[in-house]
Amino acid sequence: MYQYSELNKSDTFFQKIKNLDYPLIIMILLLGLISFFIMYSVDEGKILTHTKSHFTKFVIFFLLMIFLSMLHIKFWYKISSISYLAVLVLLVLVKFFGFEAGGAQRWIDLKFANLQPSELMKICIILFLAKYYHKLKINDVNKFFPVLNSIIIIFLPVALVMSQPDMGTSILIGMSGIIVLWLSGLRIKYFFYSFLGFLIILPFIFSFLKEYQKLRILNFINPNMDPLGSGYHVIQSKIAIGSGGFDGKGFLKGTQSYLEFLPEKETDFVFTLFAEQFGFIGSVILLLIYLGIIYRIIRIGLISRNHFSKLFCYGFSFTIFLNLAVNLLMVLGLLPVVGSPLPILSYGGSSMLTMMIGFSVVLCAKINSKISIP
Amino acid sequence: MIRKDDSFEKLHNLNRRMFVVIVAKIVVFSVIVSRLFTLQIKNSEKYSTLSDSNRIREWRHPPVRGEFHDYFGKIIASNQNVYQLHVVNDEVQDFSNLIIKLKNLLGLSEIEVKKFKDKQRNIKPWEQLIISENLSWDQFSKINSFLYELPGVKPVLNTVRYYPHKENLTHVIGYVNNPSKKDVEFNPEIKKKLVPGLKVGKIGLEKSFENKLLGISAIQRYEVNAYGKIINQLTYQKGSQGQNIKLTLDLEIQNLCSGLLAGKAGSITVMDIFSGEIIAMQSSPSYDPNLFLYGINSDDWQLLKNNPLKPLINKTISGLYAPGSTIKPIVALSALENKIIDTNFTVYCDGKTEMYNRTYHCWKKEGHGKVDLKTAMAQSCDAYFYEVARLLGVDKLSSTAKTFGLGEKVFDNLFEDEKKGLIPNTSWKKNTLGQNWYAGETIITGIGQGYMLTTPLQLCLMTAQIANGGFKVKPKIIVDDKNNSKFNLTPISLNNPRNIQIIHEAMFSSTNEIRGTSYSSRIEDIKYQFAGKTGTSQIKKITQVQRELDLKIFQIPYEERDHALYIAFGPYVKPQYAMSILIEHGGSGSVAAAPIAKELFKAVIDRDFTRQLSKKEIKLSI
């Protein structure tokens with residue numbers, strides 16, 4: 001295995017361009033195109049703020065992704081711990097200097113843009129843990145200190161984000177971290193016991209939740225409890241999706257979403273807008289695109305020769321899957337409403353930036369698939 | 001080799017675990033797809049009907065606007081109930097048929113019909129089209145009796161703006177109308193509250209205090225069926241009226257001012273010299289703001305626009321006039337302050353002065369003879385002030401004028417159309433016109449002609465600051481709840497406070513001593529006695545021929561007549577109020593403007609007792 005890394009130096013720029021994963025890139029572009037049409041319909045058939053802003057962000061972040069994927073995989077390996085720490089510091093800063101919107105303090109004002117560091121954490125935690133377990137010998141994985149370390153690594157950002165308060169993102173960060181532990185071979189009984197423990201303390205957690213969070217969960221159990229108040233979102237979202245039918249109401253013809261029934265139609269509930277207009281067929285095609293992306297990423301992980309790339313690709317594919325699944329299950333009324341964006345499609349720069357950075361690491365892993373990291 | 005083993009082990013482990021993850025993913029995806037299938041295919045019909053037939057409609061009523069009150073709580077701008085005609089787009093079966101019926105009932109014009117048709121095409125099916133915002137009772141009852149054959153038509157009782165005092169306050173308050181694209185774009189508050197039928201301030205205080213005045217919409221949520229018919233009301237969220245705004249104006253004085261200016265073009269401003277409260281502020285001619293509420297018709301608009309007396313311009317704050325002799329108190333004060341002259345300084349006036357190879361005329365052809373400061377001010381001798389200005393220089397004069405509030409906006413950004421005016425000095429001319437200052441220009445600046453331009457409001461502020469003994473005043477027109485009774489007076493730095501006293505005395509003699517220019521407008525009762533200064537602002541250079549002809553005012557074409565100005569403060573023994581009066585093309589200040597002051601002062605002082613009383617009441621209530 002050593003020899004290959006010495007022999008294959010795919011260093012020239014054109015070589016790198018040639019080695020990019022084109023199926024993945026095409027599917028990302030496809031998502032970008034769909035998101036453009038969705039934002040266009042959010043703006044009610046005009047090119048207004050949402051369309052312009054989302055499209056600009058997509059173009060900029062896409063170019064950034066291509067640029068970043070030209071870097072060497074060792075670069076990502078090296079900066080993974082620093083980036084984790086940096087984002088952790090940002091999360092602390094948000095606590096003090098961030099500004100509030102919608103009842104949570106999540107954003108940092110960077111003058112030209114507002115950054116939501118908790119989104120970036122989704123990537124950084126995978127990078128960091130991938131590096132950690134890359135270095136760790138398999139025999140040490142289940143020893144006391146490594147386990148403790150990884151728990152701390154996951155716990156810190158989760159606690160910080162939870163206190164913003166942003167339950168959705170903190171769960172997603174936690175799950176992204178845990179999946180790396182799972183992939184790295186932590187004993188199954190640990191997972192089993194902690195899951196058991198979690199179930200036991202669940203009622204206590206519930207009592208600590210904010211009033212609105214409790215309401216969301218209660219509403220999930222019985223959405224018709226307060227159809228005009230807190231259960232409103234899910235009922236309206238189901239009506240919108242369901243009324244789309246097999247082939248949808250047609251582009252720009254969604255009545256539910258136009259009637260302002262969905263206050264967050266451009267962010268978390270963006271799928272309803274899509275499903276209402278394009279129906280079951282459209283939804284399944286959209287799902288297939290996401291599946292395709294996840295498949296490509298796993299494949300790239302599979303052909304990578306170093307453990308770091310593998311861990312990252314698998315972990316990241318899971319993050320995308322998780323974001324997608326949590327969002328869709330929430331919109332479809334199968335999970336309580338926790339704020340979670342639909343990758344690439346939801347309006348919001350930080351989430352898109354996170355996804356694009358993740359993709360660029362994956363592309364980088366593809367280009368450098370034959371390199372091993374000592 | 002250990003390393004290789006380790007890698008191998010890791011890889012083996014990783015792949016096994018990944019397999020589990022992939023299986024989990026596939027399970028979740030199947031759940032999602034089957035859920036989509038249930039919602040979109042199996043239950044599609046149910047949700048389609050839910051979506052179509054059980055829509056929830058939201059109707060936001062335009063918020064009720066806050067009112068304007070005067071100092072004593074009397075209503076300046078309020079709201080009234082009007083009958084309106086809305087058309088609910090969804091419920092209409094045949095719009096072109098309906099509009100023809102409405103056309104016959106309401107007597108709509110062909111152009112209006114076309115406009116409504118265009119509008120109807122561009123609104124969404126669940127929105128409402130407002131056909132008429134102000135139905136007469138006749139029209140309203142006619143519509144009601146034909147209602148059964150007019151599907152979709154909805155007679156509505158709505159609350160809209162009303163200005164009971166018509167043209168008396170238009171220039172201060174402004175008026176409201178439908179928001180334009182620009183209004184919506186520049187004011188996020190309007191954007192947020194935008195609903196059909198919303199009115200927003202277009203000019204004046206209505207615009208400046210938009211966000212305070214805008215209330216909160218009442219929201220009704222209905223359940224409606226497939227044809228848009230209301231099944232039942234789900235919620236009614238009460239809205240709230242916007243905040244009321246209390247002005248410092250006294251409606252009685254304001255109405256009096258409006259009466260005094262009737263038929264003339266001009267402006268009156270009355271101000272409390274200590275608190276800066278504007279008691280009255282009227283520009284004439286004015287117009288009825290109620291005309292604009294439902295969109296002014298083009299005949300009325302043309303009349304307003306083409307009126308030579310320019311009713312659309314608020315002359316008090318955006319009319320620029322050469323101050324004429326009303327600047328003389330400032331010229332004299334500046335000269336005293338800079339120790340250029342003292343009270344004993346005299347000039348001999350023989351009707352004209354030769355300076356820098358040019359002849360400068362005094363308004364009195366035969367001359368005033370030997371005059372000192374007091375006489376010069378009383379009789380408004382130009383020759384005296386030519387000489388003082390020459391000795392003083394324009395730069396010193398302009399700096400004094402500026403400290404008294406000339407050349408700057410009085411209300412900062414409260415009114416969009418307020419003008420700054422112009423107090424010239426040598427560097428201004430160099431920078432703007434690129435020319436050197438000529439000594440001759442200083443001479444005419446000394447009698448308030450030339451480049452100098454002021455608004456009537458600025459002249460009033462200047463008078464107030466002279467009258468209160470040289471303290472800075474911040475004029476205000478809104479009563480704010482906080483420091484209602486307290487106002488900090490910061491002195492304008494003067495070398496010798498006695499100088500202001502000299503000016504007071506000189507202005508007193510101008511009004512109350514024989515041969516004073518406004519002697520005929522004096523009030524002898526010490527309670528009302530005031531001091532003032534006349535001014536006549538030339539708008540055209542007087543030619544030699546005209547000078548010899550000595551035309552009477554009615555012999556000169558209207559547009560070429562001088563503006564008449566008067567500034568005054570009183571009561572003289574214990575000054576409390578200052579005013580400025582301007583009559584456009586009124587001729588001389590002593591004839592056209594000063595007599596108005598006499599009438600006005602009586603009323604203002606008589607109201608003073610009530611005002612001071614209500615101030616105490618406010619204090620008590622706090």
# chains A, B, ... in the order shown; residues from 1 in each chain; ligands from 1

call {"tool": "interface_residues", "arguments": {"of": "chain A", "to": "chain B", "cutoff": "8 Å", "atoms": "only C-alpha atoms", "output": "PyMOL selection string"}}
result
chain A and resi 137-138+182-185+238-246+255-256+259+279-280+283-284+307+314+321+325+328-329+332

call {"tool": "write_last_selection", "arguments": {"atoms": "C-alpha atoms", "output": "PDB file, in the first residue's frame"}}
result
ATOM      1  CA  LYS A 137      -4.788   2.317  16.464  1.00  0.00           C
ATOM      2  CA  ILE A 138      -7.767   0.022  16.208  1.00  0.00           C
ATOM      3  CA  TRP A 182     -19.752   4.131  15.045  1.00  0.00           C
ATOM      4  CA  LEU A 183     -17.747   3.796  11.854  1.00  0.00           C
ATOM      5  CA  SER A 184     -14.494   3.778  13.788  1.00  0.00           C
ATOM      6  CA  GLY A 185     -15.467   0.634  15.570  1.00  0.00           C
ATOM      7  CA  LYS A 238     -49.160  18.083   4.759  1.00  0.00           C
ATOM      8  CA  ILE A 239     -52.037  19.663   2.866  1.00  0.00           C
ATOM      9  CA  ALA A 240     -49.594  21.358   0.527  1.00  0.00           C
ATOM     10  CA  ILE A 241     -47.646  18.183  -0.165  1.00  0.00           C
ATOM     11  CA  GLY A 242     -50.702  15.975  -0.404  1.00  0.00           C
ATOM     12  CA  SER A 243     -52.581  18.295  -2.715  1.00  0.00           C
ATOM     13  CA  GLY A 244     -49.627  18.140  -5.101  1.00  0.00           C
ATOM     14  CA  GLY A 245     -50.815  14.674  -6.099  1.00  0.00           C
ATOM     15  CA  PHE A 246     -49.027  12.486  -8.600  1.00  0.00           C
ATOM     16  CA  THR A 255     -51.950  27.559  -4.106  1.00  0.00           C
ATOM     17  CA  GLN A 256     -51.168  26.499  -0.566  1.00  0.00           C
ATOM     18  CA  LEU A 259     -51.566  31.761   0.321  1.00  0.00           C
ATOM     19  CA  GLY A 279     -46.004  16.202  -7.091  1.00  0.00           C
ATOM     20  CA  PHE A 280     -44.886  12.682  -6.281  1.00  0.00           C
ATOM     21  CA  SER A 283     -40.344  14.558  -5.159  1.00  0.00           C
ATOM     22  CA  VAL A 284     -39.030  11.124  -6.043  1.00  0.00           C
ATOM     23  CA  HIS A 307      -8.564   6.017   6.486  1.00  0.00           C
ATOM     24  CA  TYR A 314     -18.779   8.038   5.006  1.00  0.00           C
ATOM     25  CA  PHE A 321     -28.558  11.917   4.609  1.00  0.00           C
ATOM     26  CA  ALA A 325     -34.089  12.780   6.339  1.00  0.00           C
ATOM     27  CA  LEU A 328     -38.279  15.553   5.086  1.00  0.00           C
ATOM     28  CA  LEU A 329     -39.589  13.562   8.013  1.00  0.00           C
ATOM     29  CA  LEU A 332     -44.035  15.068   6.214  1.00  0.00           C
TER      30      LEU A 332
END

call {"tool": "residues_around", "arguments": {"residues": "Leu273 (chain A)", "least_positions_apart": "2", "cutoff": "9 Å", "atoms": "only C-alpha atoms", "output": "list in words"}}
result
Ile38, Ser41, Val42, Ser237, Ala240, Ile241, Gly254, Gln256, Ser257, Tyr258, Lys265, Glu266, Phe269, Val270, Phe271, Ala275, Glu276, Gln277 and Phe278 of chain A

call {"tool": "select_by_dssp", "arguments": {"residues": "region 81-146 of chain B", "states": "helix (DSSP H, G or I)", "output": "PyMOL selection string"}}
result
chain B and resi 89-91+95-106+110-122+137-145

call {"tool": "residues_around", "arguments": {"residues": "Val92 (chain A)", "least_positions_apart": "4", "cutoff": "12 Å", "atoms": "only C-alpha atoms", "output": "PyMOL selection string"}}
result
chain A and resi 85-88+96-98+105-108+117-118+156-161+163-164

call {"tool": "residues_around", "arguments": {"residues": "Lys366 (chain A)", "least_positions_apart": "4", "cutoff": "7 Å", "atoms": "only C-alpha atoms", "output": "PyMOL selection string"}}
result
chain A and resi 20-21+300+304+362

call {"tool": "closest_residue", "arguments": {"among": "B:Ser283, B:Ser258, B:Ser590, B:Thr610", "to": "Ile567 (chain B)", "atoms": "only C-alpha atoms"}}
result
B:Ser590

call {"tool": "residues_around", "arguments": {"residues": "Val180 (chain A)", "least_positions_apart": "2", "cutoff": "7 Å", "atoms": "only C-alpha atoms", "output": "list in words"}}
result
Ile126, Leu129, Ala130, Ser176, Gly177, Ile178, Trp182, Leu183, Ser184, Leu311 and Gly315 of chain A

call {"tool": "atom_distance", "arguments": {"atom1": "CA of Gly204 (chain B)", "atom2": "CA of Asp70 (chain B)"}}
result
15.5 Å

call {"tool": "closest_residue", "arguments": {"among": "B:Tyr321, B:Phe404, B:Tyr438, B:Tyr558", "to": "Ile466 (chain B)", "atoms": "only C-alpha atoms"}}
result
B:Phe404

call {"tool": "select_by_dssp", "arguments": {"residues": "region 68-189 of chain A", "states": "strand (DSSP E)", "output": "PyMOL selection string"}}
result
chain A and resi 99-101+104-109+114-115

call {"tool": "residues_around", "arguments": {"residues": "Lys18 (chain A)", "least_positions_apart": "3", "cutoff": "12 Å", "atoms": "only C-alpha atoms", "output": "MDAnalysis selection string"}}
result
chainID A and resid 10:15 21:22 70 363 366:368

call {"tool": "write_last_selection", "arguments": {"atoms": "N, CA and C atoms", "output": "mmCIF file, in the first residue's frame"}}
result
data_model
loop_
_atom_site.group_PDB
_atom_site.id
_atom_site.type_symbol
_atom_site.label_atom_id
_atom_site.label_comp_id
_atom_site.auth_asym_id
_atom_site.auth_seq_id
_atom_site.Cartn_x
_atom_site.Cartn_y
_atom_site.Cartn_z
ATOM 1 N N SER A 10 -0.627 12.787 -8.480
ATOM 2 C CA SER A 10 -1.495 13.498 -9.424
ATOM 3 C C SER A 10 -1.462 14.971 -9.082
ATOM 4 N N ASP A 11 -0.324 15.559 -9.387
ATOM 5 C CA ASP A 11 -0.122 16.905 -8.879
ATOM 6 C C ASP A 11 -0.489 18.008 -9.860
ATOM 7 N N THR A 12 -0.363 17.743 -11.146
ATOM 8 C CA THR A 12 -0.597 18.843 -12.085
ATOM 9 C C THR A 12 -2.055 19.266 -12.059
ATOM 10 N N PHE A 13 -2.240 20.517 -12.376
ATOM 11 C CA PHE A 13 -3.572 21.115 -12.293
ATOM 12 C C PHE A 13 -4.556 20.397 -13.201
ATOM 13 N N PHE A 14 -4.130 20.109 -14.434
ATOM 14 C CA PHE A 14 -5.049 19.485 -15.388
ATOM 15 C C PHE A 14 -5.406 18.073 -14.965
ATOM 16 N N GLN A 15 -4.398 17.422 -14.383
ATOM 17 C CA GLN A 15 -4.648 16.093 -13.860
ATOM 18 C C GLN A 15 -5.763 16.156 -12.827
ATOM 19 N N ASP A 21 -14.789 14.490 -9.623
ATOM 20 C CA ASP A 21 -15.865 13.519 -9.799
ATOM 21 C C ASP A 21 -17.041 14.186 -10.507
ATOM 22 N N TYR A 22 -17.137 13.979 -11.813
ATOM 23 C CA TYR A 22 -18.141 14.727 -12.577
ATOM 24 C C TYR A 22 -19.581 14.338 -12.281
ATOM 25 N N MET A 70 -9.058 21.679 -5.195
ATOM 26 C CA MET A 70 -7.718 21.629 -5.804
ATOM 27 C C MET A 70 -6.634 21.465 -4.738
ATOM 28 N N LEU A 363 -14.434 15.864 -3.029
ATOM 29 C CA LEU A 363 -13.794 15.927 -4.348
ATOM 30 C C LEU A 363 -12.282 15.804 -4.210
ATOM 31 N N LYS A 366 -11.354 12.389 -3.760
ATOM 32 C CA LYS A 366 -11.403 11.662 -5.032
ATOM 33 C C LYS A 366 -10.118 11.883 -5.817
ATOM 34 N N ILE A 367 -9.708 13.152 -5.925
ATOM 35 C CA ILE A 367 -8.506 13.473 -6.686
ATOM 36 C C ILE A 367 -7.294 12.778 -6.068
ATOM 37 N N ASN A 368 -7.270 12.779 -4.736
ATOM 38 C CA ASN A 368 -6.120 12.212 -4.041
ATOM 39 C C ASN A 368 -6.404 10.817 -3.515
#

call {"tool": "atom_distance", "arguments": {"atom1": "CA of Thr400 (chain B)", "atom2": "CA of Thr248 (chain B)"}}
result
28.5 Å

call {"tool": "atom_distance", "arguments": {"atom1": "CA of Lys374 (chain B)", "atom2": "CA of Gln576 (chain B)"}}
result
22.8 Å

call {"tool": "residues_around", "arguments": {"residues": "Leu147 (chain B)", "least_positions_apart": "4", "cutoff": "12 Å", "atoms": "only C-alpha atoms", "output": "ChimeraX atom specification"}}
result
/B:85,87,98,101-102,105,139-143,151-155

call {"tool": "write_last_selection", "arguments": {"atoms": "C-alpha atoms", "output": "PDB file, in the first residue's frame"}}
result
ATOM      1  CA  LEU B  85     -67.060  49.098  -2.142  1.00  0.00           C
ATOM      2  CA  VAL B  87     -64.950  43.250  -4.862  1.00  0.00           C
ATOM      3  CA  LEU B  98     -70.145  43.062 -13.035  1.00  0.00           C
ATOM      4  CA  LYS B 101     -73.407  46.963 -13.738  1.00  0.00           C
ATOM      5  CA  LEU B 102     -71.307  48.910 -11.247  1.00  0.00           C
ATOM      6  CA  LEU B 105     -74.895  52.202 -10.550  1.00  0.00           C
ATOM      7  CA  GLN B 139     -74.585  55.079  -3.764  1.00  0.00           C
ATOM      8  CA  PHE B 140     -74.204  52.884  -0.726  1.00  0.00           C
ATOM      9  CA  SER B 141     -77.913  52.248  -0.363  1.00  0.00           C
ATOM     10  CA  LYS B 142     -78.282  51.713  -4.093  1.00  0.00           C
ATOM     11  CA  ILE B 143     -75.567  49.060  -4.028  1.00  0.00           C
ATOM     12  CA  PRO B 151     -72.000  38.460  -6.668  1.00  0.00           C
ATOM     13  CA  GLY B 152     -68.611  39.245  -5.169  1.00  0.00           C
ATOM     14  CA  VAL B 153     -69.451  42.828  -4.311  1.00  0.00           C
ATOM     15  CA  LYS B 154     -68.914  43.670  -0.700  1.00  0.00           C
ATOM     16  CA  PRO B 155     -69.970  46.977   0.863  1.00  0.00           C
TER      17      PRO B 155
END

call {"tool": "decode", "arguments": {"residues": "region 276-302 of chain B", "atoms": "N, CA and C atoms", "output": "short mmCIF file (atom, residue, chain, number, x, y, z; two decimals), in the first residue's frame"}}
result
data_model
loop_
_atom_site.label_atom_id
_atom_site.label_comp_id
_atom_site.auth_asym_id
_atom_site.auth_seq_id
_atom_site.Cartn_x
_atom_site.Cartn_y
_atom_site.Cartn_z
N GLY B 276 -39.31 77.35 22.38
CA GLY B 276 -39.21 77.08 20.94
C GLY B 276 -40.47 76.45 20.38
N GLU B 277 -41.51 76.32 21.18
CA GLU B 277 -42.75 75.72 20.69
C GLU B 277 -43.37 76.60 19.61
N ILE B 278 -43.72 75.99 18.51
CA ILE B 278 -44.38 76.72 17.44
C ILE B 278 -45.86 76.84 17.81
N ILE B 279 -46.34 78.05 17.91
CA ILE B 279 -47.74 78.27 18.29
C ILE B 279 -48.62 78.19 17.05
N ALA B 280 -48.10 78.74 15.96
CA ALA B 280 -48.83 78.68 14.71
C ALA B 280 -47.83 78.77 13.58
N MET B 281 -48.19 78.16 12.48
CA MET B 281 -47.28 78.15 11.34
C MET B 281 -48.16 77.94 10.11
N GLN B 282 -48.40 78.99 9.41
CA GLN B 282 -49.31 78.87 8.28
C GLN B 282 -48.69 79.45 7.02
N SER B 283 -48.90 78.76 5.94
CA SER B 283 -48.45 79.26 4.65
C SER B 283 -49.69 79.43 3.79
N SER B 284 -49.73 80.49 3.07
CA SER B 284 -50.95 80.79 2.30
C SER B 284 -50.59 81.07 0.84
N PRO B 285 -51.42 80.77 -0.11
CA PRO B 285 -52.68 80.04 0.06
C PRO B 285 -52.40 78.57 0.35
N SER B 286 -53.39 77.95 0.95
CA SER B 286 -53.27 76.55 1.26
C SER B 286 -54.30 75.78 0.45
N TYR B 287 -54.48 74.51 0.76
CA TYR B 287 -55.46 73.73 0.01
C TYR B 287 -56.06 72.68 0.94
N ASP B 288 -57.16 72.15 0.54
CA ASP B 288 -57.86 71.19 1.38
C ASP B 288 -57.23 69.80 1.23
N PRO B 289 -56.61 69.29 2.29
CA PRO B 289 -55.95 67.98 2.17
C PRO B 289 -56.95 66.85 1.93
N ASN B 290 -58.23 67.09 2.28
CA ASN B 290 -59.23 66.03 2.07
C ASN B 290 -59.38 65.70 0.58
N LEU B 291 -58.98 66.67 -0.26
CA LEU B 291 -59.05 66.43 -1.71
C LEU B 291 -58.16 65.26 -2.13
N PHE B 292 -57.08 65.06 -1.37
CA PHE B 292 -56.09 64.07 -1.79
C PHE B 292 -56.39 62.67 -1.28
N LEU B 293 -57.34 62.57 -0.36
CA LEU B 293 -57.54 61.29 0.32
C LEU B 293 -57.87 60.16 -0.64
N TYR B 294 -58.70 60.44 -1.61
CA TYR B 294 -59.13 59.38 -2.53
C TYR B 294 -58.56 59.60 -3.91
N GLY B 295 -57.42 60.27 -3.95
CA GLY B 295 -56.83 60.59 -5.24
C GLY B 295 -57.50 61.85 -5.77
N ILE B 296 -56.73 62.88 -5.97
CA ILE B 296 -57.29 64.16 -6.38
C ILE B 296 -57.70 64.08 -7.85
N ASN B 297 -58.81 64.67 -8.21
CA ASN B 297 -59.16 64.64 -9.64
C ASN B 297 -58.35 65.66 -10.41
N SER B 298 -58.23 65.44 -11.68
CA SER B 298 -57.20 66.17 -12.42
C SER B 298 -57.53 67.65 -12.55
N ASP B 299 -58.81 68.01 -12.54
CA ASP B 299 -59.15 69.44 -12.60
C ASP B 299 -58.64 70.17 -11.37
N ASP B 300 -58.95 69.58 -10.21
CA ASP B 300 -58.50 70.20 -8.96
C ASP B 300 -56.98 70.31 -8.93
N TRP B 301 -56.36 69.26 -9.42
CA TRP B 301 -54.90 69.22 -9.41
C TRP B 301 -54.31 70.30 -10.30
N GLN B 302 -54.88 70.43 -11.49
CA GLN B 302 -54.38 71.46 -12.40
C GLN B 302 -54.54 72.84 -11.77
#
